[in-house]
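Chemist: Once you've had a glance at the structure underneath, I'll fire off some questions.
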There are 2 protein chains.
Amino acid sequence: MADPIETALDAINFGTDGLVAAIAQQHDSGEILMVAWMNQEAVRLTLSEGRVCYWSRSRQKLWRKGETSGQVQWLREMRLDCDGDAILLLVQQDGVACHTGRRNCFFRAWRDGGWVTIAEPQVDPEKLYRRKA
Amino acid sequence: MADPIETALDAINFGTDGLVAAIAQQHDSGEILMVAWMNQEAVRLTLSEGRVCYWSRSRQKLWRKGETSGQVQWLREMRLDCDGDAILLLVQQDGVACHTGRRNCFFRAWRDGGWVTIAEPQVDPEKLYRRKA
């Protein structure tokens with residue numbers, strides 16, 4: 001029998017760079033936490049492990065969300081859009097999603113002709129990323 | 001004085017293809033409606049007209065959402081993420097967002113090893129896209 005995860009992958013239209021956009025949404029509040037990218041392996045790991053794994057374009061490696069910061073995203077449901085080129089991840093976010101220490105990454109709003117910061121860090125980012133001795 | 005919209009554009013990190021991912025979210029319910037792409041001109045038009053304009057990758061042209069279907073997205077607020085490469089559009093969606101006639105594009109959910117359709121069309125798509133005589 002075919003691996004069900006291969007069926008999942010078949011429906012996803014990865015771009016020429018092998019990536020698909022993924023949006024993480026807190027499952028109960030509807031808050032948009034972040035947007036990142038997934039390749040085939042990231043989707044595979046996310047579905048098999050139940051915690052969200054992305055592909056980091058800047059570091060060019062798989063990135064299990066929270067592997068350094070501890071701010072894990074637990075997958076509640078994966079959804080796919082009509083043309084298969086965007087993924088919606090309904091998640092339970094441990095702590096904060098943004099590397100700045102804010103709950104979500106969309107903390108700049110365009111208001112009255114300028115970008116306004118509408119959320120403050122809840123955690124000191126240095127504490128999130130402090131290397132263990 | 002500098003055009004404020006140029007200030008908006010300065011903060012956005014358009015990719016090498018000149019595009020940035022944009023997520024449309026219904027402003028009051030939190031429903032994720034769709035994901036599409038914007039170039040500089042699409043952002044300019046969206047901010048100046050107050051209705052959402054995307055860049056259609058398949059048609060390689062600007063696409064004022066609803067120009068054919070009538071299903072316009074009225075901008076309530078534009079937000080930008082921490083690294084400036086994703087835009088969140090809080091909108092008032094007229095009618096349905098998806099070209100299939102569904103309210104939103106994310107109508108496939110991965111459940112028990114298969115993709116399950118979790119929403120049905122509310123409008124016949126042929127009615128949305130019927131050419132006027």
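To be explicit about the labels: the chains of the structure tokens are called A, B, and onward in the order shown, and within each one the residues are counted from 1, while ligands get numbers from 1 in the order they are shown.
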Would you kindly return, as a list in words, each protein, DNA or RNA residue with an atom no farther than 7 Å from any atom of Trp55 of chain B, considering only C-alpha atoms and excluding same-chain residues fewer than 2 positions away?
Modeler: Trp37, Met38, Asn39, Ala42, Arg57, Gln60, Lys61, Leu62 and Trp63 of chain B
Chemist: Here's a check: after a least-squares fit over all in-order C-alpha atoms, write chain A in the frame of chain B, as a PDB file with C-alpha atoms, in the first residue's frame.
Modeler:
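Once everything was written out, this is selection_11.pdb:
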ATOM      1  CA  MET A   1       7.479  65.453   0.890  1.00  0.00           C
ATOM      2  CA  ALA A   2       7.977  61.802   0.013  1.00  0.00           C
ATOM      3  CA  ASP A   3       4.934  59.845  -1.073  1.00  0.00           C
ATOM      4  CA  PRO A   4       3.920  57.789   1.978  1.00  0.00           C
ATOM      5  CA  ILE A   5       3.296  54.768  -0.217  1.00  0.00           C
ATOM      6  CA  GLU A   6       6.988  54.781  -1.183  1.00  0.00           C
ATOM      7  CA  THR A   7       7.702  54.481   2.563  1.00  0.00           C
ATOM      8  CA  ALA A   8       5.432  51.456   2.683  1.00  0.00           C
ATOM      9  CA  LEU A   9       7.270  49.879  -0.238  1.00  0.00           C
ATOM     10  CA  ASP A  10      10.700  50.556   1.257  1.00  0.00           C
ATOM     11  CA  ALA A  11       9.945  48.223   4.182  1.00  0.00           C
ATOM     12  CA  ILE A  12       8.842  45.337   1.982  1.00  0.00           C
ATOM     13  CA  ASN A  13      11.411  42.788   0.843  1.00  0.00           C
ATOM     14  CA  PHE A  14      10.230  41.778  -2.587  1.00  0.00           C
ATOM     15  CA  GLY A  15      11.880  38.566  -3.795  1.00  0.00           C
ATOM     16  CA  THR A  16      14.210  38.242  -6.753  1.00  0.00           C
ATOM     17  CA  ASP A  17      11.064  37.763  -8.859  1.00  0.00           C
ATOM     18  CA  GLY A  18       9.747  41.096  -7.547  1.00  0.00           C
ATOM     19  CA  LEU A  19       6.957  39.432  -5.583  1.00  0.00           C
ATOM     20  CA  VAL A  20       5.917  39.088  -1.976  1.00  0.00           C
ATOM     21  CA  ALA A  21       3.421  36.583  -0.539  1.00  0.00           C
ATOM     22  CA  ALA A  22       0.141  38.092   0.663  1.00  0.00           C
ATOM     23  CA  ILE A  23      -2.438  36.426   2.881  1.00  0.00           C
ATOM     24  CA  ALA A  24      -5.999  37.663   2.908  1.00  0.00           C
ATOM     25  CA  GLN A  25      -7.818  37.245   6.199  1.00  0.00           C
ATOM     26  CA  GLN A  26     -11.438  38.209   6.836  1.00  0.00           C
ATOM     27  CA  HIS A  27     -10.986  41.021   9.348  1.00  0.00           C
ATOM     28  CA  ASP A  28     -13.685  40.079  11.854  1.00  0.00           C
ATOM     29  CA  SER A  29     -13.891  36.273  11.768  1.00  0.00           C
ATOM     30  CA  GLY A  30     -10.165  35.551  11.327  1.00  0.00           C
ATOM     31  CA  GLU A  31     -10.903  33.170   8.433  1.00  0.00           C
ATOM     32  CA  ILE A  32      -7.965  32.748   6.046  1.00  0.00           C
ATOM     33  CA  LEU A  33      -9.437  33.414   2.637  1.00  0.00           C
ATOM     34  CA  MET A  34      -6.529  32.947   0.230  1.00  0.00           C
ATOM     35  CA  VAL A  35      -2.845  33.422  -0.464  1.00  0.00           C
ATOM     36  CA  ALA A  36      -1.628  35.260  -3.537  1.00  0.00           C
ATOM     37  CA  TRP A  37       1.250  37.474  -4.670  1.00  0.00           C
ATOM     38  CA  MET A  38       1.881  41.183  -4.894  1.00  0.00           C
ATOM     39  CA  ASN A  39       4.475  43.238  -6.734  1.00  0.00           C
ATOM     40  CA  GLN A  40       5.245  46.901  -6.011  1.00  0.00           C
ATOM     41  CA  GLU A  41       2.457  48.159  -8.215  1.00  0.00           C
ATOM     42  CA  ALA A  42      -0.078  45.823  -6.615  1.00  0.00           C
ATOM     43  CA  VAL A  43       0.832  47.173  -3.166  1.00  0.00           C
ATOM     44  CA  ARG A  44       0.622  50.733  -4.468  1.00  0.00           C
ATOM     45  CA  LEU A  45      -2.815  50.196  -5.965  1.00  0.00           C
ATOM     46  CA  THR A  46      -4.099  48.336  -2.909  1.00  0.00           C
ATOM     47  CA  LEU A  47      -3.092  51.132  -0.558  1.00  0.00           C
ATOM     48  CA  SER A  48      -4.279  53.948  -2.810  1.00  0.00           C
ATOM     49  CA  GLU A  49      -7.587  52.396  -3.887  1.00  0.00           C
ATOM     50  CA  GLY A  50      -8.504  50.570  -0.668  1.00  0.00           C
ATOM     51  CA  ARG A  51      -9.354  47.400  -2.550  1.00  0.00           C
ATOM     52  CA  VAL A  52      -6.955  44.508  -2.904  1.00  0.00           C
ATOM     53  CA  CYS A  53      -4.921  44.125  -6.073  1.00  0.00           C
ATOM     54  CA  TYR A  54      -2.601  41.153  -6.622  1.00  0.00           C
ATOM     55  CA  TRP A  55      -0.106  40.136  -9.275  1.00  0.00           C
ATOM     56  CA  SER A  56      -1.324  37.083 -11.141  1.00  0.00           C
ATOM     57  CA  ARG A  57       1.646  34.797 -11.772  1.00  0.00           C
ATOM     58  CA  SER A  58      -0.314  32.647 -14.229  1.00  0.00           C
ATOM     59  CA  ARG A  59      -1.620  35.577 -16.269  1.00  0.00           C
ATOM     60  CA  GLN A  60       1.427  37.811 -15.620  1.00  0.00           C
ATOM     61  CA  LYS A  61      -0.710  40.859 -14.977  1.00  0.00           C
ATOM     62  CA  LEU A  62      -2.178  42.949 -12.214  1.00  0.00           C
ATOM     63  CA  TRP A  63      -5.376  41.482 -10.859  1.00  0.00           C
ATOM     64  CA  ARG A  64      -7.832  43.617  -8.939  1.00  0.00           C
ATOM     65  CA  LYS A  65      -9.567  40.933  -6.932  1.00  0.00           C
ATOM     66  CA  GLY A  66     -13.185  40.791  -8.073  1.00  0.00           C
ATOM     67  CA  GLU A  67     -12.673  42.621 -11.369  1.00  0.00           C
ATOM     68  CA  THR A  68     -14.348  39.740 -13.239  1.00  0.00           C
ATOM     69  CA  SER A  69     -16.220  37.919 -10.482  1.00  0.00           C
ATOM     70  CA  GLY A  70     -17.414  40.946  -8.502  1.00  0.00           C
ATOM     71  CA  GLN A  71     -16.009  39.320  -5.346  1.00  0.00           C
ATOM     72  CA  VAL A  72     -14.027  42.339  -4.210  1.00  0.00           C
ATOM     73  CA  GLN A  73     -11.734  42.425  -1.172  1.00  0.00           C
ATOM     74  CA  TRP A  74     -11.935  45.766   0.625  1.00  0.00           C
ATOM     75  CA  LEU A  75      -8.790  46.545   2.579  1.00  0.00           C
ATOM     76  CA  ARG A  76      -9.218  47.186   6.291  1.00  0.00           C
ATOM     77  CA  GLU A  77      -5.522  47.056   7.213  1.00  0.00           C
ATOM     78  CA  MET A  78      -2.212  45.986   5.724  1.00  0.00           C
ATOM     79  CA  ARG A  79       0.360  44.378   8.017  1.00  0.00           C
ATOM     80  CA  LEU A  80       3.936  43.336   7.418  1.00  0.00           C
ATOM     81  CA  ASP A  81       5.940  40.586   9.051  1.00  0.00           C
ATOM     82  CA  CYS A  82       9.236  40.821  10.922  1.00  0.00           C
ATOM     83  CA  ASP A  83      11.490  40.233   7.935  1.00  0.00           C
ATOM     84  CA  GLY A  84       9.293  42.125   5.495  1.00  0.00           C
ATOM     85  CA  ASP A  85       8.711  39.252   3.104  1.00  0.00           C
ATOM     86  CA  ALA A  86       5.066  38.482   3.827  1.00  0.00           C
ATOM     87  CA  ILE A  87       2.030  40.738   3.909  1.00  0.00           C
ATOM     88  CA  LEU A  88      -1.166  40.175   5.852  1.00  0.00           C
ATOM     89  CA  LEU A  89      -4.255  41.830   4.413  1.00  0.00           C
ATOM     90  CA  LEU A  90      -7.188  42.244   6.764  1.00  0.00           C
ATOM     91  CA  VAL A  91     -10.146  42.519   4.419  1.00  0.00           C
ATOM     92  CA  GLN A  92     -13.878  42.626   4.053  1.00  0.00           C
ATOM     93  CA  GLN A  93     -14.590  39.957   1.459  1.00  0.00           C
ATOM     94  CA  ASP A  94     -17.603  40.505  -0.777  1.00  0.00           C
ATOM     95  CA  GLY A  95     -19.123  37.090  -1.445  1.00  0.00           C
ATOM     96  CA  VAL A  96     -16.621  34.271  -1.864  1.00  0.00           C
ATOM     97  CA  ALA A  97     -12.845  34.406  -2.200  1.00  0.00           C
ATOM     98  CA  CYS A  98     -12.187  31.160  -4.091  1.00  0.00           C
ATOM     99  CA  HIS A  99     -12.577  30.718  -7.838  1.00  0.00           C
ATOM    100  CA  THR A 100     -14.325  27.396  -7.106  1.00  0.00           C
ATOM    101  CA  GLY A 101     -17.183  29.344  -5.509  1.00  0.00           C
ATOM    102  CA  ARG A 102     -16.133  28.471  -1.972  1.00  0.00           C
ATOM    103  CA  ARG A 103     -15.788  31.095   0.728  1.00  0.00           C
ATOM    104  CA  ASN A 104     -12.059  30.375   1.099  1.00  0.00           C
ATOM    105  CA  CYS A 105      -9.411  28.480  -0.851  1.00  0.00           C
ATOM    106  CA  PHE A 106      -8.276  26.160   1.968  1.00  0.00           C
ATOM    107  CA  PHE A 107     -11.065  23.599   1.645  1.00  0.00           C
ATOM    108  CA  ARG A 108      -8.878  20.474   1.661  1.00  0.00           C
ATOM    109  CA  ALA A 109      -7.859  19.083   5.050  1.00  0.00           C
ATOM    110  CA  TRP A 110      -5.453  16.225   5.673  1.00  0.00           C
ATOM    111  CA  ARG A 111      -7.397  13.772   7.844  1.00  0.00           C
ATOM    112  CA  ASP A 112      -6.766  10.062   8.476  1.00  0.00           C
ATOM    113  CA  GLY A 113      -4.298   9.716   5.659  1.00  0.00           C
ATOM    114  CA  GLY A 114      -6.183  11.512   2.904  1.00  0.00           C
ATOM    115  CA  TRP A 115      -7.265  14.919   1.658  1.00  0.00           C
ATOM    116  CA  VAL A 116     -10.872  15.599   2.660  1.00  0.00           C
ATOM    117  CA  THR A 117     -13.028  18.354   1.150  1.00  0.00           C
ATOM    118  CA  ILE A 118     -14.402  20.294   4.109  1.00  0.00           C
ATOM    119  CA  ALA A 119     -16.370  23.047   2.350  1.00  0.00           C
ATOM    120  CA  GLU A 120     -18.736  23.144  -0.595  1.00  0.00           C
ATOM    121  CA  PRO A 121     -19.209  25.904  -3.178  1.00  0.00           C
ATOM    122  CA  GLN A 122     -21.649  28.609  -2.157  1.00  0.00           C
ATOM    123  CA  VAL A 123     -21.891  30.002  -5.672  1.00  0.00           C
ATOM    124  CA  ASP A 124     -21.712  28.338  -9.076  1.00  0.00           C
ATOM    125  CA  PRO A 125     -18.303  29.402 -10.409  1.00  0.00           C
ATOM    126  CA  GLU A 126     -19.729  29.649 -13.927  1.00  0.00           C
ATOM    127  CA  LYS A 127     -21.992  32.409 -12.673  1.00  0.00           C
ATOM    128  CA  LEU A 128     -19.009  34.227 -11.177  1.00  0.00           C
ATOM    129  CA  TYR A 129     -17.004  34.213 -14.379  1.00  0.00           C
ATOM    130  CA  ARG A 130     -19.727  34.418 -17.024  1.00  0.00           C
ATOM    131  CA  ARG A 131     -18.660  36.984 -19.634  1.00  0.00           C
ATOM    132  CA  LYS A 132     -20.980  39.898 -20.038  1.00  0.00           C
ATOM    133  CA  ALA A 133     -22.507  40.191 -23.537  1.00  0.00           C
TER     134      ALA A 133
END
Chemist: Segment 17-99 of chain A: which residues are alpha helix (DSSP H) by DSSP, as a ChimeraX atom specification?
Modeler: /A:40-49
Chemist: Would you write out those residues with N, CA and C atoms, as a PDB file, in the first residue's frame?
Modeler:
ATOM      1  N   GLN A  40       9.397  19.197   0.321  1.00  0.00           N
ATOM      2  CA  GLN A  40       8.745  17.891   0.498  1.00  0.00           C
ATOM      3  C   GLN A  40       9.099  17.277   1.847  1.00  0.00           C
ATOM      4  N   GLU A  41      10.353  17.341   2.202  1.00  0.00           N
ATOM      5  CA  GLU A  41      10.787  16.704   3.436  1.00  0.00           C
ATOM      6  C   GLU A  41      10.176  17.391   4.659  1.00  0.00           C
ATOM      7  N   ALA A  42      10.029  18.696   4.583  1.00  0.00           N
ATOM      8  CA  ALA A  42       9.416  19.434   5.697  1.00  0.00           C
ATOM      9  C   ALA A  42       7.959  19.007   5.875  1.00  0.00           C
ATOM     10  N   VAL A  43       7.243  18.818   4.768  1.00  0.00           N
ATOM     11  CA  VAL A  43       5.854  18.354   4.865  1.00  0.00           C
ATOM     12  C   VAL A  43       5.816  16.947   5.447  1.00  0.00           C
ATOM     13  N   ARG A  44       6.702  16.102   4.947  1.00  0.00           N
ATOM     14  CA  ARG A  44       6.784  14.720   5.452  1.00  0.00           C
ATOM     15  C   ARG A  44       6.996  14.681   6.965  1.00  0.00           C
ATOM     16  N   LEU A  45       7.971  15.452   7.412  1.00  0.00           N
ATOM     17  CA  LEU A  45       8.301  15.447   8.844  1.00  0.00           C
ATOM     18  C   LEU A  45       7.165  16.046   9.666  1.00  0.00           C
ATOM     19  N   THR A  46       6.539  17.087   9.150  1.00  0.00           N
ATOM     20  CA  THR A  46       5.442  17.727   9.882  1.00  0.00           C
ATOM     21  C   THR A  46       4.288  16.750  10.077  1.00  0.00           C
ATOM     22  N   LEU A  47       3.946  16.031   9.006  1.00  0.00           N
ATOM     23  CA  LEU A  47       2.825  15.095   9.117  1.00  0.00           C
ATOM     24  C   LEU A  47       3.197  13.876   9.964  1.00  0.00           C
ATOM     25  N   SER A  48       4.423  13.419   9.878  1.00  0.00           N
ATOM     26  CA  SER A  48       4.768  12.200  10.618  1.00  0.00           C
ATOM     27  C   SER A  48       5.070  12.478  12.090  1.00  0.00           C
ATOM     28  N   GLU A  49       5.598  13.656  12.388  1.00  0.00           N
ATOM     29  CA  GLU A  49       5.973  13.962  13.774  1.00  0.00           C
ATOM     30  C   GLU A  49       4.896  14.740  14.529  1.00  0.00           C
TER      31      GLU A  49
END
Chemist: Apply DSSP to the structure's backbone, then extract all residues of segment 9-97 of chain B labelled strand (DSSP E or B) and return them as number ranges by chain.
Modeler: B: 20-26, 32-38, 51, 53-56, 61-64, 73-80, 86-93
